[in-house]
$ cat coords.txt   # compact mmCIF, C-alpha atoms and all ligand atoms
# COMPACT_ATOMS: atom_id res chain seq x y z
CA MET U 673 -5.65 13.99 12.63
CA ASN U 674 -3.52 14.07 15.77
CA HIS U 675 -1.83 10.70 15.65
CA LEU U 676 -1.93 9.78 11.96
CA ARG U 677 0.06 11.37 9.16
CA GLU U 678 -0.06 10.65 5.44
CA MET U 679 2.16 7.76 4.42
CA GLN U 680 5.15 8.75 2.24
CA PRO U 681 7.22 6.50 -0.07
CA GLU U 682 10.04 6.50 2.56
CA ASP U 683 7.59 4.91 5.04
CA ILE U 684 7.25 1.77 2.87
CA ARG U 685 10.17 -0.05 4.54
CA PRO U 686 9.14 0.72 8.18
CA VAL U 687 5.51 -0.15 7.32
CA PHE U 688 6.71 -3.44 5.81
CA GLU U 689 8.41 -4.19 9.16
CA VAL U 690 5.21 -3.33 11.06
CA ILE U 691 3.20 -5.80 8.96
CA GLU U 692 5.98 -8.42 8.97
CA SER U 693 5.94 -8.43 12.79
CA GLN U 694 2.41 -9.86 12.48
CA ASP U 695 2.34 -11.75 9.16
CA ASP U 696 5.16 -12.36 6.61
CA GLU U 697 2.88 -13.13 3.65
CA ASP U 698 0.72 -10.03 4.17
CA ALA U 699 3.90 -7.94 4.44
CA GLU U 700 5.10 -9.12 1.00
CA GLU U 701 1.69 -8.49 -0.55
CA ALA U 702 1.34 -5.07 1.05
CA LEU U 703 4.84 -4.16 -0.15
CA GLU U 704 3.84 -4.91 -3.74
CA SER U 705 0.67 -2.82 -3.41
CA TYR U 706 2.54 0.18 -1.90
CA GLN U 707 5.13 0.02 -4.70
CA GLU U 708 2.47 0.50 -7.39
CA ILE U 709 2.01 4.03 -8.76
CA GLY U 710 -0.01 5.92 -6.16
CA GLY U 711 0.26 2.88 -3.86
CA THR U 712 0.73 4.88 -0.66
CA MET U 713 -2.14 7.26 -1.46
CA ASP U 714 -4.86 7.42 1.24
CA ASN U 715 -2.68 5.42 3.64
CA PHE U 716 -1.59 6.81 6.99
CA VAL U 717 1.03 5.90 9.57
CA MET U 718 1.23 6.33 13.31
CA GLU U 719 4.54 7.04 15.02
CA VAL U 720 5.70 6.64 18.61
CA ASN U 721 9.04 8.29 19.46
CA ASP U 722 9.71 8.85 15.73
CA ARG U 723 9.23 5.15 14.99
CA VAL U 724 6.46 4.02 12.62
CA ILE U 725 4.40 1.56 14.67
CA GLY U 726 1.12 1.38 12.76
CA VAL U 727 -0.49 1.74 9.36
CA THR U 728 -4.05 2.12 8.16
CA GLY U 729 -5.87 3.66 5.21
CA TYR U 730 -8.66 3.30 2.73
CA GLN U 731 -9.40 2.57 -0.91
CA THR U 732 -12.21 4.00 -2.98
CA PRO U 733 -13.86 1.72 -5.57
CA PRO U 734 -15.01 3.33 -8.83
CA ALA U 735 -18.66 3.95 -9.76
CA CYS U 736 -19.86 4.23 -6.15
CA ASP U 737 -21.05 7.17 -4.09
CA GLU U 738 -18.53 7.82 -1.30
CA THR U 739 -17.91 4.12 -0.63
CA HIS U 740 -14.58 3.09 0.90
CA TRP U 741 -12.78 -0.11 1.89
CA LEU U 742 -10.37 -0.23 4.80
CA SER U 743 -6.88 -1.08 3.53
CA TRP U 744 -3.88 -2.71 5.29
CA THR U 745 -4.36 -2.00 9.00
CA TYR U 746 -1.58 -3.21 11.24
CA VAL U 747 0.08 -2.32 14.54
CA HIS U 748 3.63 -3.56 15.23
CA ASP U 749 3.52 -6.59 17.52
CA ASP U 750 5.64 -4.72 20.14
CA TYR U 751 2.92 -2.04 20.36
CA ALA U 752 -0.22 -4.17 19.95
CA ASN U 753 -2.96 -4.43 22.58
CA GLN U 754 -2.13 -1.00 24.01
CA GLY U 755 -4.98 0.92 22.41
CA ASN U 756 -3.04 2.04 19.32
CA GLY U 757 -5.27 0.24 16.80
CA ARG U 758 -8.40 1.78 18.30
CA LEU U 759 -6.80 5.23 18.19
CA MET U 760 -5.76 4.86 14.52
CA LEU U 761 -9.15 3.57 13.38
CA THR U 762 -11.08 6.20 15.35
CA GLU U 763 -9.04 8.95 13.67
CA LEU U 764 -9.35 7.38 10.22
CA ILE U 765 -13.14 7.04 10.57
CA GLN U 766 -13.43 10.67 11.71
CA HIS U 767 -11.27 11.74 8.73
CA LEU U 768 -13.60 9.90 6.33
CA LYS U 769 -16.69 11.41 7.99
CA ASP U 770 -15.16 14.91 7.75
CA LYS U 771 -14.52 14.47 4.02
CA GLY U 772 -18.09 13.37 3.34
CA GLY U 773 -17.64 9.58 3.35
CA ARG U 774 -20.82 7.49 3.27
CA MET U 775 -19.93 3.81 3.82
CA LEU U 776 -16.78 2.01 5.00
CA PHE U 777 -16.39 -1.74 4.39
CA VAL U 778 -13.79 -4.19 5.65
CA LYS U 779 -12.98 -7.85 4.98
CA VAL U 780 -11.66 -10.13 7.73
CA SER U 781 -10.49 -13.73 7.62
CA ASP U 782 -11.08 -16.20 10.46
CA TYR U 783 -7.72 -17.92 9.84
CA VAL U 784 -6.34 -19.84 12.81
CA ASP U 785 -2.54 -20.14 12.82
CA GLU U 786 -1.14 -23.31 14.43
CA GLU U 787 1.16 -21.31 16.70
CA GLU U 788 -0.41 -17.86 16.92
CA GLY U 789 -4.10 -18.84 17.06
CA ALA U 790 -6.86 -16.70 15.55
CA ILE U 791 -4.65 -13.86 14.33
CA TYR U 792 -7.48 -11.63 13.07
CA ALA U 793 -9.70 -12.04 16.18
CA ALA U 794 -8.51 -8.75 17.72
CA ALA U 795 -9.33 -6.93 14.47
CA LEU U 796 -12.84 -8.40 14.33
CA HIS U 797 -13.43 -7.46 17.98
CA LEU U 798 -12.14 -3.94 17.35
CA TYR U 799 -14.26 -3.37 14.23
CA LYS U 800 -17.43 -4.52 15.98
CA SER U 801 -16.71 -2.37 19.02
CA LEU U 802 -16.31 0.65 16.69
CA GLY U 803 -19.78 0.05 15.25
CA PHE U 804 -19.08 -2.11 12.18
CA LYS U 805 -21.90 -4.58 11.44
CA GLU U 806 -21.44 -8.05 9.98
CA GLU U 807 -22.99 -8.17 6.50
CA ILE U 808 -21.81 -11.35 4.76
CA ILE U 809 -19.90 -14.46 5.80
CA HIS U 810 -18.43 -16.34 2.84
CA LYS U 811 -17.65 -19.83 4.09
CA ASP U 812 -14.47 -21.51 2.77
CA TYR U 813 -13.54 -18.33 0.91
CA TYR U 814 -9.77 -17.99 1.34
CA ASP U 815 -9.33 -21.75 1.68
CA GLU U 816 -11.21 -24.82 2.89
CA GLY U 817 -12.22 -23.92 6.47
CA GLU U 818 -11.17 -20.25 6.20
CA SER U 819 -14.09 -17.84 5.88
CA GLN U 820 -14.32 -14.21 4.87
CA THR U 821 -16.52 -11.85 6.85
CA ILE U 822 -17.46 -8.49 5.31
CA LEU U 823 -18.49 -5.76 7.74
CA SER U 824 -19.81 -2.27 7.10
CA LEU U 825 -19.91 1.02 8.94
CA ARG U 826 -22.25 3.87 8.00
CA LEU U 827 -20.26 7.13 8.04
CA ASN U 828 -23.04 9.64 7.44
CA SER U 829 -26.64 9.73 8.58
CA GLU U 830 -28.86 7.27 6.78
CA ALA U 831 -31.09 8.54 3.95
CA THR U 832 -34.54 8.98 5.45
CA ASP U 833 -36.58 8.76 2.23
CA ALA U 834 -36.40 5.31 0.73
CA GLN U 835 -35.36 5.80 -2.89
CA LEU U 836 -37.24 3.96 -5.59
CA ILE U 837 -34.52 2.16 -7.50
CA ALA U 838 -35.46 1.14 -11.01
CA ASP U 839 -34.68 -2.34 -12.19
CA GLU U 840 -31.89 -2.15 -14.76
CA ASN U 841 -31.95 -4.40 -17.75
CA CYS U 842 -28.25 -3.90 -18.00
CA PRO U 843 -26.47 -6.03 -20.61
CA VAL U 844 -23.58 -7.80 -18.89
CA GLN U 845 -21.11 -10.24 -20.42
CA PHE U 846 -18.27 -12.25 -18.94
CA ASN U 847 -14.78 -11.73 -20.27
CA ALA U 848 -12.50 -13.72 -17.92
CA VAL U 849 -12.26 -16.57 -15.42
CA TYR U 850 -9.66 -16.04 -12.70
CA GLU U 851 -8.54 -17.14 -9.24
CA ILE U 852 -9.20 -14.43 -6.65
CA GLY U 853 -5.95 -13.04 -5.17
CA ASP U 854 -5.08 -14.19 -1.63
CA THR U 855 -7.28 -17.31 -1.97
CA ASP U 856 -6.59 -20.95 -2.68
CA GLY U 857 -9.10 -22.08 -5.29
CA ALA U 858 -11.76 -19.34 -5.03
CA TYR U 859 -12.60 -18.12 -8.53
CA SER U 860 -14.54 -15.26 -10.06
CA PHE U 861 -15.55 -14.11 -13.56
CA GLY U 862 -14.52 -10.79 -15.04
CA TRP U 863 -17.40 -8.94 -16.71
CA HIS U 864 -18.29 -5.75 -18.49
CA ASP U 865 -21.61 -3.99 -18.86
CA GLU U 866 -22.18 -2.11 -22.17
CA ALA U 867 -22.36 -5.54 -23.82
CA ASP U 868 -24.88 -6.58 -26.51
CA LYS U 869 -26.98 -8.78 -24.22
CA VAL U 870 -27.15 -10.26 -20.74
CA PHE U 871 -25.14 -13.50 -20.44
CA THR U 872 -27.11 -16.74 -20.71
CA SER U 873 -26.98 -19.98 -18.66
CA LYS U 874 -24.84 -21.36 -21.51
CA ASP U 875 -22.26 -18.58 -21.00
CA VAL U 876 -22.30 -19.31 -17.25
CA SER U 877 -21.74 -23.01 -17.83
CA ILE U 878 -18.65 -22.25 -20.00
CA GLY U 879 -17.21 -20.30 -17.05
CA ILE U 880 -18.10 -23.04 -14.57
CA GLN U 881 -16.46 -25.67 -16.80
CA GLN U 882 -13.29 -23.60 -17.06
CA ALA U 883 -13.18 -23.09 -13.26
CA ARG U 884 -13.72 -26.83 -12.76
CA LYS U 885 -10.84 -27.57 -15.14
CA ASP U 886 -8.63 -25.23 -13.09
CA GLU U 887 -9.65 -27.19 -9.95
CA ALA U 888 -11.49 -24.26 -8.40
CA ARG U 889 -13.37 -24.96 -5.14
CA ALA U 890 -16.01 -22.27 -5.58
CA ILE U 891 -16.98 -19.26 -7.71
CA PHE U 892 -17.87 -15.92 -6.10
CA LEU U 893 -19.67 -13.20 -8.05
CA SER U 894 -21.31 -9.91 -7.12
CA PHE U 895 -23.61 -7.52 -9.00
CA PRO U 896 -25.83 -4.53 -8.28
CA HIS U 897 -29.03 -5.92 -6.75
CA ASN U 898 -31.24 -4.26 -9.38
CA TYR U 899 -29.70 -6.26 -12.27
CA SER U 900 -32.55 -8.75 -12.01
CA LYS U 901 -31.89 -10.52 -15.35
CA VAL U 902 -28.38 -11.28 -14.12
CA ARG U 903 -29.75 -12.71 -10.87
CA GLU U 904 -32.33 -14.86 -12.72
CA THR U 905 -29.66 -16.35 -14.97
CA LEU U 906 -27.22 -17.03 -12.12
CA ILE U 907 -29.88 -18.72 -9.97
CA ALA U 908 -31.04 -20.80 -12.97
CA SER U 909 -27.40 -21.85 -13.46
CA GLY U 910 -27.03 -23.16 -9.90
CA PHE U 911 -25.58 -20.13 -8.09
CA LYS U 912 -26.91 -19.37 -4.60
CA GLN U 913 -27.37 -15.89 -3.23
CA SER U 914 -24.80 -15.61 -0.44
CA GLY U 915 -25.60 -12.17 0.96
CA ILE U 916 -26.06 -8.47 0.31
CA LEU U 917 -23.91 -5.42 1.04
CA THR U 918 -26.63 -2.91 1.83
CA ASP U 919 -26.28 0.56 0.22
CA TYR U 920 -22.94 -0.48 -1.33
CA PHE U 921 -23.10 1.53 -4.58
CA GLU U 922 -25.29 4.33 -3.25
CA ASP U 923 -28.15 4.58 -0.76
CA GLY U 924 -30.75 2.09 -2.00
CA VAL U 925 -28.44 0.28 -4.46
CA HIS U 926 -26.99 -2.83 -2.82
CA GLU U 927 -24.37 -5.33 -3.94
CA GLU U 928 -25.76 -8.85 -4.21
CA HIS U 929 -23.30 -11.75 -3.78
CA PHE U 930 -23.60 -15.19 -5.36
CA THR U 931 -21.68 -18.40 -4.76
CA TYR U 932 -21.37 -21.60 -6.78
CA THR U 933 -19.72 -24.54 -5.02
CA LEU U 934 -17.87 -26.97 -7.29
C1 LIG U 1001 -5.97 -5.38 14.55
C2 LIG U 1001 -4.85 -4.53 15.13
C3 LIG U 1001 -4.45 -3.48 14.09
C4 LIG U 1001 -5.32 -3.86 16.39
O1 LIG U 1001 -4.31 -3.06 16.91
P1 LIG U 1001 -4.07 -2.96 18.49
O2 LIG U 1001 -3.18 -1.81 18.74
O3 LIG U 1001 -3.63 -4.27 19.01
O4 LIG U 1001 -5.57 -2.64 18.98
P2 LIG U 1001 -6.08 -2.13 20.38
O5 LIG U 1001 -5.04 -2.39 21.44
O6 LIG U 1001 -6.55 -0.73 20.23
O7 LIG U 1001 -7.37 -3.03 20.58
C5 LIG U 1001 -7.32 -4.42 20.50
C6 LIG U 1001 -8.65 -4.96 21.00
O8 LIG U 1001 -8.75 -6.33 20.65
C7 LIG U 1001 -8.92 -7.11 21.82
N1 LIG U 1001 -8.25 -8.38 21.59
C8 LIG U 1001 -6.94 -8.67 21.63
N2 LIG U 1001 -6.74 -9.95 21.30
C9 LIG U 1001 -7.96 -10.48 21.07
C10 LIG U 1001 -8.40 -11.79 20.69
N3 LIG U 1001 -7.54 -12.79 20.50
N4 LIG U 1001 -9.73 -11.97 20.51
C11 LIG U 1001 -10.62 -10.97 20.70
N5 LIG U 1001 -10.24 -9.71 21.05
C12 LIG U 1001 -8.93 -9.48 21.24
C13 LIG U 1001 -8.30 -6.28 22.93
O9 LIG U 1001 -8.84 -6.64 24.20
C14 LIG U 1001 -8.76 -4.89 22.50
O10 LIG U 1001 -10.12 -4.69 22.76
P3 LIG U 1001 -10.65 -3.65 23.91
O11 LIG U 1001 -10.14 -2.31 23.51
O12 LIG U 1001 -12.15 -3.75 23.80
O13 LIG U 1001 -10.10 -4.17 25.21
C15 LIG U 1001 -3.61 -5.42 15.51
O14 LIG U 1001 -4.03 -6.39 16.45
C16 LIG U 1001 -2.98 -6.11 14.35
O15 LIG U 1001 -2.10 -5.56 13.69
N6 LIG U 1001 -3.45 -7.35 14.06
C17 LIG U 1001 -2.98 -8.16 12.97
C18 LIG U 1001 -3.43 -7.60 11.66
C19 LIG U 1001 -4.90 -7.51 11.46
O16 LIG U 1001 -5.68 -8.34 11.93
N7 LIG U 1001 -5.28 -6.49 10.70
C20 LIG U 1001 -6.61 -6.33 10.25
C21 LIG U 1001 -6.76 -7.18 9.05
S1 LIG U 1001 -8.40 -7.18 8.46
$ encode --input "coords.txt" --output "structure tokens"
Amino acid sequence: MNHLREMQPEDIRPVFEVIESQDDEDAEEALESYQEIGGTMDNFVMEVNDRVIGVTGYQTPPACDETHWLSWTYVHDDYANQGNGRLMLTELIQHLKDKGGRMLFVKVSDYVDEEEGAIYAAALHLYKSLGFKEEIIHKDYYDEGESQTILSLRLNSEATDAQLIADENCPVQFNAVYEIGDTDGAYSFGWHDEADKVFTSKDVSIGIQQARKDEARAIFLSFPHNYSKVRETLIASGFKQSGILTDYFEDGVHEEHFTYTL
């Protein structure tokens, strides 16, 4: 990488200032995430004249085959719209390709700030121009009127032979009801697989009731697409399929998303 170098703990403060120049709340949240153990791992900074002016990076979810999510990606306001974001992302994508990456996903909000306008519009434009494809739009995700778009970029060449993916009768049970971070009233259920049986409509209705009590607006869930018993139960309980992240877990195993509006 010519322009990016690995982020070090001493970069946390200058990176905070980069993010703060664009969004105070994101800066606070990013700060907390960088301060966790290993929080700067797989993050990179870009410098101009020895000053940190940009940050980008990736996260790697467990139990997937070379799947990554783009993490905090910001260019200092003083250096934005000068091609720096494109340079950082191009280098990061090449880095992931070189290390055998398969898929890169990113989430973008369509938030419109009263003074600053659509603050993530440049990011969405940039991602699409780098080849990312829109996969799912979750309406009213972060808040009423603020959607989440998930985009994906294939990093390696697509598998040519379609794999036959067996349906898994995987026992799944819920173990929590919680508000999704960074949202106002979007809820999800925690779950584990290695349970005794697949959850029933009755189990789902307990979760829905709890979310309703907490004044949730909507519940968002996602599962491997080949957990068909899970899908059947969710649909029977009033959830709607809201989209699919193709090849999310591995080639041929997608992530299916479900939404329940309260
Ligand atoms: C996204 C971000 C990192 C891009 O960095 P940057 O250095 O400004 O990016 P570049 O100058 O390389 O490219 C910006 C592109 O967006 C375009 N753009 C700028 N403002 C735009 C707007 N309001 N709507 C649509 N496109 C816009 C520019 O024309 C340019 O496209 P082009 O290269 O095709 O001409 C930076 O804008 C930023 O920090 N934004 C706020 C944080 C953010 O949205 N992060 C991503 C969160 S998911």
$ closest_residue --input "coords.txt" --among "U:Leu798, U:Cys842, U:Val784, U:Ala831" --to "Val870 in chain U" --atoms "all atoms listed in the file"
U:Cys842
$ closest_residue --input "coords.txt" --among "U:Pro843, U:Gly789, U:Gly910, U:Gly772" --to "Glu866 in chain U" --atoms "only C-alpha atoms"
U:Pro843
$ closest_atom_pairs --input "coords.txt" --of "chain U" --to "ligand LIG 1001 (chain U)" --cutoff "9 Å" --atoms "all atoms listed in the file" --output "tab-separated table"
residue	atom	partner	partner_atom	distance
U:Val690	CA	U:LIG1001	O15	8.1
U:Ile691	CA	U:LIG1001	O15	7.1
U:Ser693	CA	U:LIG1001	O15	8.6
U:Gln694	CA	U:LIG1001	C17	5.7
U:Asp695	CA	U:LIG1001	C17	7.5
U:Asp698	CA	U:LIG1001	C18	8.9
U:Gly726	CA	U:LIG1001	C3	7.5
U:Val727	CA	U:LIG1001	C3	8.1
U:Thr728	CA	U:LIG1001	C3	8.2
U:Leu742	CA	U:LIG1001	S1	8.1
U:Ser743	CA	U:LIG1001	S1	8.0
U:Trp744	CA	U:LIG1001	C21	6.5
U:Thr745	CA	U:LIG1001	N7	4.9
U:Tyr746	CA	U:LIG1001	O15	3.4
U:Val747	CA	U:LIG1001	O15	4.0
U:His748	CA	U:LIG1001	O15	6.3
U:Asp749	CA	U:LIG1001	O15	6.9
U:Tyr751	CA	U:LIG1001	O2	6.3
U:Ala752	CA	U:LIG1001	O3	3.5
U:Asn753	CA	U:LIG1001	O5	3.1
U:Gln754	CA	U:LIG1001	O5	4.1
U:Gly755	CA	U:LIG1001	O6	3.2
U:Asn756	CA	U:LIG1001	O2	3.9
U:Gly757	CA	U:LIG1001	O1	3.4
U:Arg758	CA	U:LIG1001	O6	3.7
U:Leu759	CA	U:LIG1001	O6	6.3
U:Met760	CA	U:LIG1001	O6	8.0
U:Leu761	CA	U:LIG1001	O6	8.5
U:Val778	CA	U:LIG1001	S1	6.8
U:Lys779	CA	U:LIG1001	S1	5.8
U:Val780	CA	U:LIG1001	S1	4.5
U:Ser781	CA	U:LIG1001	S1	6.9
U:Gly789	CA	U:LIG1001	N3	7.8
U:Ala790	CA	U:LIG1001	N3	6.3
U:Ile791	CA	U:LIG1001	C17	6.1
U:Tyr792	CA	U:LIG1001	O16	3.9
U:Ala793	CA	U:LIG1001	N4	4.3
U:Ala794	CA	U:LIG1001	C12	3.6
U:Ala795	CA	U:LIG1001	C1	3.7
U:Leu796	CA	U:LIG1001	C11	7.2
U:His797	CA	U:LIG1001	N5	5.0
U:Leu798	CA	U:LIG1001	C6	5.2
U:Tyr799	CA	U:LIG1001	C1	8.5
U:Ser801	CA	U:LIG1001	O12	6.7
$ atom_distance --input "coords.txt" --atom1 "CA of Ser824 in chain U" --atom2 "CA of His767 in chain U"
16.5 Å
$ atom_distance --input "coords.txt" --atom1 "CA of Asp750 in chain U" --atom2 "CA of Asp722 in chain U"
14.8 Å
$ atom_distance --input "coords.txt" --atom1 "CA of Ile880 in chain U" --atom2 "CA of Phe921 in chain U"
27.0 Å
$ residues_around --input "coords.txt" --residues "Met673 in chain U" --least-positions-apart "5" --cutoff "12 Å" --atoms "only C-alpha atoms" --output "PyMOL selection string"
chain U and resi 678+716-718+759-768+770
$ closest_residue --input "coords.txt" --among "U:Leu934, U:Asp923, U:Ser860, U:Asp865" --to "Glu887 in chain U" --atoms "all atoms listed in the file"
U:Leu934
$ axis_aligned_box --input "coords.txt" --around "range 888-903 of chain U" --padding-each-side "3 Å" --output "AutoDock Vina command-line options"
--center_x -22.0 --center_y -14.6 --center_z -10.2 --size_x 27.1 --size_y 26.7 --size_z 16.2
$ closest_residue --input "coords.txt" --among "U:Phe895, U:Tyr813, U:Trp741, U:Tyr783" --to "Val844 in chain U" --atoms "only C-alpha atoms"
U:Phe895
$ residues_near_point --input "coords.txt" --point "(-23.4, -16.2, -12.8)" --cutoff "10 Å" --atoms "only C-alpha atoms" --output "JSON, numbers by chain"
{"U": [845, 846, 860, 861, 871, 872, 873, 875, 876, 877, 879, 880, 891, 892, 893, 894, 895, 902, 903, 904, 905, 906, 907, 908, 909, 910, 911, 912, 930, 931, 932]}
$ closest_residue --input "coords.txt" --among "U:Gly857, U:Lys901, U:Lys869, U:Asp714" --to "Lys885 in chain U" --atoms "all atoms listed in the file"
U:Gly857
$ closest_residue --input "coords.txt" --among "U:Asn715, U:Asp854, U:Pro733, U:Ile684" --to "Glu701 in chain U" --atoms "all atoms listed in the file"
U:Asp854
$ residues_near_point --input "coords.txt" --point "(-17.8, -5.9, 7.9)" --cutoff "6 Å" --atoms "all atoms listed in the file" --output "VMD selection string"
chain U and resid 777 to 779 804 to 807 822 to 824
